[in-house]
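Have a look at the structure below, then the notes.
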Amino acid sequence: MKADYSNELPNFEAHEAARPQGWSAWFGGPNVKIGPRIAPQIIPLDIEGRDSDSNVSSDAILNKQLEEEANCAIQYRTCSWQKTAALLFSEYICLAIMSFPWSYSVLGLVPGLILTVVQALIVLYTSIVLWEFCLRHPEVRDVCDIGQMLFWDQKWAWYFTAFMFILNNTFIQGLHVLVGAKYLNTMVGPNSSVSCQTVSFGAIITVICWLSSLPRTFSMLSKLGTASAAFTFISVILATIFAGIQSHPAGFLAEPATDPDTGKALPFGNPIVTAVPVLGTTFVAGLGAFLNISYTFIGQITLPSFIAEMREPRDFPKALWACTILEILVFSIVGAVIYAFVGNQYMTSPAFGSLIPLYKKIAFSFMIPTIIFLGVLYASVSSRFIFFRIFQHSRHRNEHTVVGWVTWALILLCTWVLAFIIANSIPFFNSLLSLMSSLFDSFFGFIFWGVAYFRMRKADGSVAFLKDRTFRGWIEGILNIIIILTGVFFLSAGTYVSVQGILDEYTLGTVGTAWGCASNGI
């Protein structure tokens, strides 16, 4: 018999007492109190002594999961918060050099820094809401399960979320195929003897990424993540130092000149650094730079998968806070320093292109482990989603069997082949990736977690503004309405800017060709 979760629970005081309170609500730990569920279990477990879904505690479900895999060769709930922090930081750190200096050159230094901190705090808050939801429903395996539960256990919501989930992750894998090819093209130059070098290099990166994706647990991947984050941190520091010690940015001209091929004026003069956007910055350019910062932070799509492999999910906020603090420091310092030395007119994305050739190759070379690892991480998240559903109640899920490993390897191979094909087939792939981010991140970054907040508050016996008249209730209620509206803004204005960017590429004639062989190096 399934409990009815659609009605408000009458005992508001009792449920409010079970809701995370005080420091533990923000920083986790053993004293975290877990509130009531909002829906029946997605995957019912055979737990002794239960007569309905409603009387099974979250701790009982978690303990049952640990018990079921205790003697298995492959155990998934083994990650500590430190390993999870390594996964989170390795997921984000390379974006410091990829995105922020360029965004600051469009927005100006002051708005850029303010938006960096604000967006980081919004993502931190929504991630804490997500964590609270996962604590109440520890059987959740990924964001697709959450999508179904948030929208009243409707199967269409699961399929809709799964479609966005797989497409989003595959596009990110494709991005890293292209970035890997960009690195190899940068190293060898445009006139190598390699046949159709960009496609060939992309194929090499695809094979390397597939082989690197084979570990089946996040605990194992966290070791690779730690190493990749260390290498990328060196890359970011070197790029920052090189930007400061080089005499001029790459492409520097002392006097006005024109491009001999296009006849367009080239940037010249000393680097121009501004505190605010320069006069004439368009709405599309400004919003595009803001969205670029936002998309860098929005990574909640992977968090439910990470939490599902933590041995003690109550500790997740420790990883979250550590990663957020480091993100703000690295993104702000690196973005501001590189922008200060490179200026508006010589800025490129990624910022390696603003360095002279020798410095560019040295700094970029330390980035290659993370270029591979980030694609590996998203491939693993997608493949885990499929693998767990194929072998939901099978020994192949937790044991070293030929069937299990062959299936896992084939699923990964399919995701990488699809990513390789998509990345090379779409001539405006980067702009299309921005469009996908606008469409998907509006849900995974904002709307889902605003809805989750109100669903959990209703399960607690209150809905902010109506029954919970505490200061926290009012503030969080208003904040989550703003979060949902922000998601709608990303979905509408963000989509408009992304589509306009694609149209502008066609107008300027900068759209490449499908399966283009020409070098895409920096």
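Lettering and numbering for the structure tokens are positional, with chains as A, B, ... in the shown order, residues counted from 1 in each chain, and ligands counted from 1 in the shown order.
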*asked:* Quick check for you: according to DSSP on this backbone, which residues of range 315-456 of chain A are classed as alpha helix (DSSP H)? Reply as a PyMOL selection string.
replied: chain A and resi 316-342+357-365+368-390+402-425+429-442+448-456
*Find the residues near range 217-224 of chain A: any atom within 6 Å, counting only C-alpha atoms, skip ones fewer than 2 places away on the same chain, and give them as number ranges by chain.*
A: 76, 79, 83, 86-87, 215, 226-227
Those residues with N, CA, C and O atoms, as a PDB file, in the first residue's frame please?
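result.pdb, written as the output of this step:
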```pdb
ATOM      1  N   TYR A  76      29.385   0.686  -4.684  1.00  0.00           N
ATOM      2  CA  TYR A  76      29.206   2.043  -5.198  1.00  0.00           C
ATOM      3  C   TYR A  76      29.183   3.091  -4.088  1.00  0.00           C
ATOM      4  O   TYR A  76      29.771   4.154  -4.227  1.00  0.00           O
ATOM      5  N   CYS A  79      32.203   6.631  -1.527  1.00  0.00           N
ATOM      6  CA  CYS A  79      32.860   7.935  -1.614  1.00  0.00           C
ATOM      7  C   CYS A  79      32.777   8.687  -0.282  1.00  0.00           C
ATOM      8  O   CYS A  79      31.708   8.777   0.317  1.00  0.00           O
ATOM      9  N   LYS A  83      36.537  12.788  -1.415  1.00  0.00           N
ATOM     10  CA  LYS A  83      36.560  12.300  -2.789  1.00  0.00           C
ATOM     11  C   LYS A  83      35.513  13.014  -3.641  1.00  0.00           C
ATOM     12  O   LYS A  83      35.749  13.323  -4.815  1.00  0.00           O
ATOM     13  N   ALA A  86      36.779  16.326  -4.615  1.00  0.00           N
ATOM     14  CA  ALA A  86      37.738  16.213  -5.716  1.00  0.00           C
ATOM     15  C   ALA A  86      37.011  16.123  -7.052  1.00  0.00           C
ATOM     16  O   ALA A  86      37.414  16.732  -8.051  1.00  0.00           O
ATOM     17  N   LEU A  87      35.910  15.346  -7.086  1.00  0.00           N
ATOM     18  CA  LEU A  87      35.114  15.246  -8.312  1.00  0.00           C
ATOM     19  C   LEU A  87      34.523  16.598  -8.698  1.00  0.00           C
ATOM     20  O   LEU A  87      34.562  16.999  -9.864  1.00  0.00           O
ATOM     21  N   PRO A 215      36.610   2.801 -15.548  1.00  0.00           N
ATOM     22  CA  PRO A 215      36.333   2.588 -14.117  1.00  0.00           C
ATOM     23  C   PRO A 215      34.854   2.798 -13.797  1.00  0.00           C
ATOM     24  O   PRO A 215      34.237   3.738 -14.293  1.00  0.00           O
ATOM     25  N   THR A 226      41.391  14.018  -8.922  1.00  0.00           N
ATOM     26  CA  THR A 226      42.360  14.750  -8.109  1.00  0.00           C
ATOM     27  C   THR A 226      43.614  15.070  -8.914  1.00  0.00           C
ATOM     28  O   THR A 226      44.138  16.192  -8.872  1.00  0.00           O
ATOM     29  N   ALA A 227      44.092  14.080  -9.666  1.00  0.00           N
ATOM     30  CA  ALA A 227      45.282  14.300 -10.486  1.00  0.00           C
ATOM     31  C   ALA A 227      45.021  15.338 -11.572  1.00  0.00           C
ATOM     32  O   ALA A 227      45.842  16.233 -11.804  1.00  0.00           O
TER      33      ALA A 227
END
```
*Considering only C-alpha atoms, return as a PyMOL selection string whatever protein or nucleic-acid residues lie within 12 Å of range 414-421 of chain A, sequence-local ones (same chain, fewer than 2 positions apart) excluded.*
chain A and resi 166-181+198-214+372+375-386+407-412+423-427+429+514-515
*Counting only C-alpha atoms, the option among A:Asp142, A:Glu327, A:Glu255, A:Glu312 closest to Gly28 in chain A*: A:Glu312
*Shell of 8 Å around Pro190 in chain A, only C-alpha atoms, local chain residues under 6 positions omitted, as a ChimeraX atom specification*: /A:518-519,521
_CA of Ile146 in chain A to CA of Ser58 in chain A, straight-line distance in Å_ =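 Atom-to-atom, CA of Ser58 in chain A and CA of Ile146 in chain A are spaced 15.5 Å apart.
Closest approach to Val451 in chain A among A:Tyr183, A:Leu130, A:Leu88, A:Cys196 is made by A:Leu130 (distances from only C-alpha atoms).
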*Write out as a list in words each polymer residue whose atoms come within 7 Å of range 112-118 of chain A, counting only C-alpha atoms; drop sequence neighbours fewer than 6 positions from it.*
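Everything that qualifies: Ser103, Tyr104, Ile293, Ile328 and Ser332 of chain A.
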*asked:* Ranking A:Gln197, A:Thr302, A:Thr262, A:Thr240 by minimum distance to Ser127 in chain A and counting only C-alpha atoms, which one comes first?
replied: A:Thr302
*Pick the closest to Ile502 in chain A from A:Leu433, A:Val488, A:Ile447, A:Val273: which is it, counting only C-alpha atoms?*
A:Leu433
_Which residues are near Phe27 in chain A? Cut-off 6 Å, only C-alpha atoms, ignore same chain within fewer than 3 positions. Put them as a ChimeraX atom specification._
/A:23-24,317-318
Writer output for current selection, C-alpha atoms, as a CSV table (one decimal), in the first residue's frame:
```csv
chain,number,residue,atom,x,y,z
A,23,TRP,CA,24.4,24.9,11.2
A,24,SER,CA,23.8,21.3,10.2
A,317,PRO,CA,27.8,20.1,2.1
A,318,LYS,CA,31.4,19.9,3.3
```
*Mind pulling up the distance from CA of Ser492 in chain A to CA of Leu279 in chain A?*
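Straight-line distance from CA of Leu279 in chain A to CA of Ser492 in chain A works out to 25.5 Å.
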Distance table requested - range 426-453 of chain A against range 147-157 of chain A, cut-off 12 Å, only C-alpha atoms: one row per qualifying residue with the closest atom pair and its distance in Å to one decimal, ordered by chain and rising residue number, as a Markdown table.
```
| residue | atom | partner | partner_atom | distance |
| --- | --- | --- | --- | --- |
| A:Phe443 | CA | A:Gly147 | CA | 9.7 |
| A:Phe444 | CA | A:Gly147 | CA | 9.4 |
| A:Ile447 | CA | A:Leu150 | CA | 10.6 |
| A:Phe448 | CA | A:Gly147 | CA | 7.5 |
| A:Trp449 | CA | A:Leu150 | CA | 9.2 |
| A:Gly450 | CA | A:Leu150 | CA | 10.3 |
| A:Val451 | CA | A:Leu150 | CA | 7.1 |
| A:Ala452 | CA | A:Leu150 | CA | 6.3 |
| A:Tyr453 | CA | A:Leu150 | CA | 9.8 |
```
Would you export the selected residues with all heavy atoms as a PDB file, in the first residue's frame, please?
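The resulting file, result-v7.pdb, is reproduced below:
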```pdb
ATOM      1  N   PHE A 443      16.311  24.374 -16.301  1.00  0.00           N
ATOM      2  CA  PHE A 443      15.635  23.390 -15.449  1.00  0.00           C
ATOM      3  C   PHE A 443      16.594  22.829 -14.407  1.00  0.00           C
ATOM      4  O   PHE A 443      16.305  22.858 -13.204  1.00  0.00           O
ATOM      5  CB  PHE A 443      15.070  22.246 -16.306  1.00  0.00           C
ATOM      6  CG  PHE A 443      13.922  22.643 -17.175  1.00  0.00           C
ATOM      7  CD1 PHE A 443      14.117  22.986 -18.502  1.00  0.00           C
ATOM      8  CD2 PHE A 443      12.636  22.696 -16.657  1.00  0.00           C
ATOM      9  CE1 PHE A 443      13.063  23.366 -19.311  1.00  0.00           C
ATOM     10  CE2 PHE A 443      11.565  23.077 -17.451  1.00  0.00           C
ATOM     11  CZ  PHE A 443      11.774  23.416 -18.788  1.00  0.00           C
ATOM     12  N   PHE A 444      17.747  22.304 -14.844  1.00  0.00           N
ATOM     13  CA  PHE A 444      18.670  21.638 -13.928  1.00  0.00           C
ATOM     14  C   PHE A 444      19.375  22.601 -12.980  1.00  0.00           C
ATOM     15  O   PHE A 444      19.866  22.184 -11.933  1.00  0.00           O
ATOM     16  CB  PHE A 444      19.721  20.862 -14.723  1.00  0.00           C
ATOM     17  CG  PHE A 444      19.164  19.715 -15.514  1.00  0.00           C
ATOM     18  CD1 PHE A 444      19.553  19.509 -16.822  1.00  0.00           C
ATOM     19  CD2 PHE A 444      18.248  18.850 -14.953  1.00  0.00           C
ATOM     20  CE1 PHE A 444      19.051  18.447 -17.559  1.00  0.00           C
ATOM     21  CE2 PHE A 444      17.731  17.786 -15.676  1.00  0.00           C
ATOM     22  CZ  PHE A 444      18.135  17.585 -16.990  1.00  0.00           C
ATOM     23  N   ILE A 447      14.905  25.827 -12.013  1.00  0.00           N
ATOM     24  CA  ILE A 447      13.484  25.497 -11.856  1.00  0.00           C
ATOM     25  C   ILE A 447      13.277  24.256 -11.001  1.00  0.00           C
ATOM     26  O   ILE A 447      12.426  24.251 -10.095  1.00  0.00           O
ATOM     27  CB  ILE A 447      12.824  25.335 -13.237  1.00  0.00           C
ATOM     28  CG1 ILE A 447      12.844  26.664 -13.998  1.00  0.00           C
ATOM     29  CG2 ILE A 447      11.395  24.821 -13.093  1.00  0.00           C
ATOM     30  CD1 ILE A 447      12.355  26.576 -15.437  1.00  0.00           C
ATOM     31  N   PHE A 448      14.055  23.203 -11.254  1.00  0.00           N
ATOM     32  CA  PHE A 448      13.887  21.970 -10.481  1.00  0.00           C
ATOM     33  C   PHE A 448      14.001  22.212  -8.985  1.00  0.00           C
ATOM     34  O   PHE A 448      13.221  21.679  -8.191  1.00  0.00           O
ATOM     35  CB  PHE A 448      14.945  20.944 -10.915  1.00  0.00           C
ATOM     36  CG  PHE A 448      14.501  20.035 -12.030  1.00  0.00           C
ATOM     37  CD1 PHE A 448      13.564  20.452 -12.961  1.00  0.00           C
ATOM     38  CD2 PHE A 448      15.026  18.763 -12.152  1.00  0.00           C
ATOM     39  CE1 PHE A 448      13.167  19.625 -13.998  1.00  0.00           C
ATOM     40  CE2 PHE A 448      14.643  17.925 -13.185  1.00  0.00           C
ATOM     41  CZ  PHE A 448      13.713  18.350 -14.109  1.00  0.00           C
ATOM     42  N   TRP A 449      14.969  23.034  -8.586  1.00  0.00           N
ATOM     43  CA  TRP A 449      15.268  23.138  -7.156  1.00  0.00           C
ATOM     44  C   TRP A 449      14.341  24.131  -6.472  1.00  0.00           C
ATOM     45  O   TRP A 449      14.082  23.998  -5.267  1.00  0.00           O
ATOM     46  CB  TRP A 449      16.744  23.479  -6.974  1.00  0.00           C
ATOM     47  CG  TRP A 449      17.549  22.642  -7.922  1.00  0.00           C
ATOM     48  CD1 TRP A 449      18.405  23.073  -8.890  1.00  0.00           C
ATOM     49  CD2 TRP A 449      17.508  21.214  -8.047  1.00  0.00           C
ATOM     50  NE1 TRP A 449      18.906  22.016  -9.604  1.00  0.00           N
ATOM     51  CE2 TRP A 449      18.371  20.857  -9.115  1.00  0.00           C
ATOM     52  CE3 TRP A 449      16.818  20.198  -7.369  1.00  0.00           C
ATOM     53  CZ2 TRP A 449      18.565  19.534  -9.508  1.00  0.00           C
ATOM     54  CZ3 TRP A 449      17.014  18.886  -7.767  1.00  0.00           C
ATOM     55  CH2 TRP A 449      17.875  18.559  -8.815  1.00  0.00           C
ATOM     56  N   GLY A 450      13.806  25.116  -7.203  1.00  0.00           N
ATOM     57  CA  GLY A 450      12.745  25.939  -6.647  1.00  0.00           C
ATOM     58  C   GLY A 450      11.494  25.117  -6.396  1.00  0.00           C
ATOM     59  O   GLY A 450      10.847  25.223  -5.341  1.00  0.00           O
ATOM     60  N   VAL A 451      11.147  24.267  -7.353  1.00  0.00           N
ATOM     61  CA  VAL A 451       9.996  23.367  -7.173  1.00  0.00           C
ATOM     62  C   VAL A 451      10.261  22.393  -6.037  1.00  0.00           C
ATOM     63  O   VAL A 451       9.367  22.131  -5.211  1.00  0.00           O
ATOM     64  CB  VAL A 451       9.703  22.607  -8.488  1.00  0.00           C
ATOM     65  CG1 VAL A 451       8.626  21.549  -8.265  1.00  0.00           C
ATOM     66  CG2 VAL A 451       9.270  23.572  -9.586  1.00  0.00           C
ATOM     67  N   ALA A 452      11.487  21.859  -5.959  1.00  0.00           N
ATOM     68  CA  ALA A 452      11.821  20.911  -4.888  1.00  0.00           C
ATOM     69  C   ALA A 452      11.653  21.550  -3.516  1.00  0.00           C
ATOM     70  O   ALA A 452      11.158  20.912  -2.578  1.00  0.00           O
ATOM     71  CB  ALA A 452      13.262  20.420  -5.061  1.00  0.00           C
ATOM     72  N   TYR A 453      12.054  22.817  -3.395  1.00  0.00           N
ATOM     73  CA  TYR A 453      11.907  23.511  -2.115  1.00  0.00           C
ATOM     74  C   TYR A 453      10.444  23.544  -1.688  1.00  0.00           C
ATOM     75  O   TYR A 453      10.113  23.182  -0.546  1.00  0.00           O
ATOM     76  CB  TYR A 453      12.449  24.935  -2.214  1.00  0.00           C
ATOM     77  CG  TYR A 453      12.117  25.768  -1.004  1.00  0.00           C
ATOM     78  CD1 TYR A 453      12.883  25.687   0.156  1.00  0.00           C
ATOM     79  CD2 TYR A 453      11.007  26.619  -0.997  1.00  0.00           C
ATOM     80  CE1 TYR A 453      12.560  26.424   1.284  1.00  0.00           C
ATOM     81  CE2 TYR A 453      10.685  27.365   0.127  1.00  0.00           C
ATOM     82  CZ  TYR A 453      11.462  27.261   1.258  1.00  0.00           C
ATOM     83  OH  TYR A 453      11.129  27.984   2.380  1.00  0.00           O
TER      84      TYR A 453
END
```
*May I ask for the distance between CA of Ala493 in chain A and CA of Ala351 in chain A, given in Å to one decimal place?*
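A separation of 26.4 Å between them.
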